[in-house]
Structure formats: structure tokens, C-alpha cells
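Student: So that we are looking at the same thing, I have put the structure below in C-alpha cells.
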Amino acid sequence: MRENGLAVLVIGGGPGGLEAARTVAALGTPVVLVERRHRLGGTPDAEHYAKLTHHFRDAEEALGELIAAVTSQPLVEILTRSEVTACEGEVGNFRVTIRTPEGMQERTVGAIIVATGFQHFDPGRETQLYNYYSFPDVVTLSDMEAMLKAHQVVRPSNGQPPERVAFIQCVGSRDRQIGNEFCSKVCCGIASKQAIEIKQQLPNARVFIFYIDMRMYGYWENELYWPAQEQYKVNYVKGIVSEILPKGDRLLIRGEDTTMGRPMEITVDLVVLSVGMEPSSGTRQMARLLGIAQNKYGYIEAGGPSGLDPVATSRPGIFVVGAAARPADLDDTFATAGLAAARAVAALRQAPVAAD
């Protein structure tokens, strides 16, 4: 098996891209890591995550470890504020153009890993059902993460700590009307994690979670769901919220309690919309630029010819990681990052050496 001396290009500097770059370098292959933001860390950094689901690790500390493992690796070249703008060729001889602050660069790489991640659903798309843009005390999971990180869980309308907080699940997921029929996988766990954190910071607050059904993957049942109920007294309500209205200086939630089969109304101070995942603009852009197939939701189509390879794309030598291919939690992301790194290095070593 021959080494041809080429690098693996990793697109995206979030957790998936960082882990893929670290693993490729650990296998002795050079890496070019391209990130369009001015710093590494991806969505958890950009949106100020407080703690990570499901181990309650401090997000900034955990990201710092991931970033240090890459920046300390001499085989990794990091290009921030940079974007891939063109790509041609084939496995073992991809010719890419990268726009950097210093100008355009032409590079030849042997394989490519796409780790462009996801974006949070914009609740304004859902016909303003929940009045996210109308009422300041209606926020999203990512808004709440920033509050938790700053230890400032307050009502945006008046800066006061809320006495009653309600989470509404499946906003932008499992919704045929907007074309997102899929489950975003992590929202139930993140809402439960945040509910626990709210109770830790505001012990006297009452917290409600309105859900269609709770989907706790893997160990989240015992790590998040039951502790939230039994230790922190979070109220889980199986029901459908139909509207949110102002009531004095508070918010009135109306809907149906589907367990009891009757209408329900509850007045709260703060509503948190559990928005789902969608492919990021970078994921859609890179799929088109690299000429790799997307599924009907805009995620990169993974599976390869066998349908059994979760990191293979429709183009040999190009691999996909984590939430660029499907809704994914961090465990999924790290697992696919390691596999994509191994596949990329193997493809590079098996590819014909390009003629000089």
C-alpha cells in the first residue's frame, strides 16, 4: 500500500470536523481543515452552548479539549475565514480552490470529508404559530443555551427571572406541512437537560414540557428523563399546543391535553421552542459544489452503493460526518467522524499516485 503524500481536506471546524481532522492526523496523514468562521468550534461555540447533552460537560471546556487536540497536531493545517469555492478531479487527485483572507489558493488533496453540520429550524417559518418574532418571551433552545451559559435565565421582556417556564417540543420536526417529516432526535433530550439546568439555577421555578411523545435515545431515559421528573419535579404534559397569546404581562398557552382528551390552558412567563435540526446552508452549498447527492430534506445522501456505509457519499473519495447527513447527536457525530477519517485515509492510500 503506497502513500502518495496528499492531504485529506476536512470542510467544517465544528465537533465533527475537529474529530475527523484529529483522527486523520493520528493515522499519519496530513490534513487541511477549512472553516468559514473566524474560529473553530462550530454551532456549539457560535450559539453559546452551556452544557453538552448528555453528560452535562461544560461546552466551552469540552470544545477547548477538541480544539487543542487539533491545533497541537503538526500534521493539521487550519484555514479559518476560508471557504472551498471549486472542486474537480477524483479520489487521489481532487483539485480544490479555497478562498482565504490572503486570497485564492489552489490545492490538490486525496480525499474530502464534509462536516458542515446543521442549523436550527427558524420557528418563523411555521406560520408564526408560536409568535417567536412577536413576543419577546418566546425563545428557542439555542436562546436558552445562551441564557444558561450566562447564568441569566430571565424574561427578555423585563429582565426578571421567570416563575413558570414551558417547553414546546417538535417545532420544525415531524411536520408534514413544512416538509420536515423527520424526527430531529436530540430535542427531547436537550429540553430535558435544559429543564434540569433551569431548576438548578432557579429552584423555585415551575417547568413544563409539552410533547407529542418523548423520544429518549440510548441512555437518555435514565440520565435525563427520569431525573428531570423525579429529582427536579419537571412536569411533562402529553399534548398539542395550538396557540400562544398575551395575557396581561404573561403568555397564555392553549391546546389539547391528549392524555385526558380535553382542552387545556396554562399561563407562563417564558416559552422555549424546541426547534429541530435542518441541514445548514454550508451543507447545501457544499453538496452542490462537490457534486454529491442530497436527500429530499437537503441533507447529504449517505450510504454508498451498499446503502450500509453511513459516511459514504455518491462520489468516491468524498465522505460525510454527523449532522451534515442526518439529525445527529454528539455520539453519532464522533462515531461517524472516526469512520470517515478511516475511510478517507484508506481511500487515499489505495488511490493511484497521480502522475507529475
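By convention here, the chains of the C-alpha cells are called A, B, ... in the order presented, each chain's residues are numbered starting at 1, and ligands are numbered starting at 1 in the order presented.
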Using only C-alpha atoms, I'd like a table of the residues in range 232-284 of chain A that come within 8 Å of range 195-206 of chain A; for each, show the closest atom pair and its distance in Å rounded to one decimal, ordered by chain and ascending number, as CSV.
Tutor:
```
residue,atom,partner,partner_atom,distance
A:Tyr232,CA,A:Ile196,CA,6.4
A:Val234,CA,A:Ala195,CA,7.0
A:Asn235,CA,A:Arg206,CA,8.0
```
Student: Extract the full set of alpha helix (DSSP H) residues from range 234-316 of chain A according to DSSP on the backbone, and format it as a ChimeraX atom specification.
Tutor: /A:281-290
Student: Set the distance at 6 Å and use only C-alpha atoms: which residues neighbour range 320-332 of chain A once local chain neighbours fewer than 4 positions away are removed? I'd like the list as a PyMOL selection string.
Tutor: chain A and resi 113-118+184+283+299-300+311+336-337
Student: When you draw a straight line from CA of Gln119 in chain A to CA of Val70 in chain A, how long is it in Å?
Tutor: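 A separation of 23.7 Å between them.
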Student: So which one's closest to Ile266 in chain A, A:Ala287, A:Arg164, A:Ala340, A:Gln231? Using only C-alpha atoms, please.
Tutor: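 Among A:Ala287, A:Arg164, A:Ala340, A:Gln231, it is A:Arg164 that comes nearest to Ile266 in chain A.
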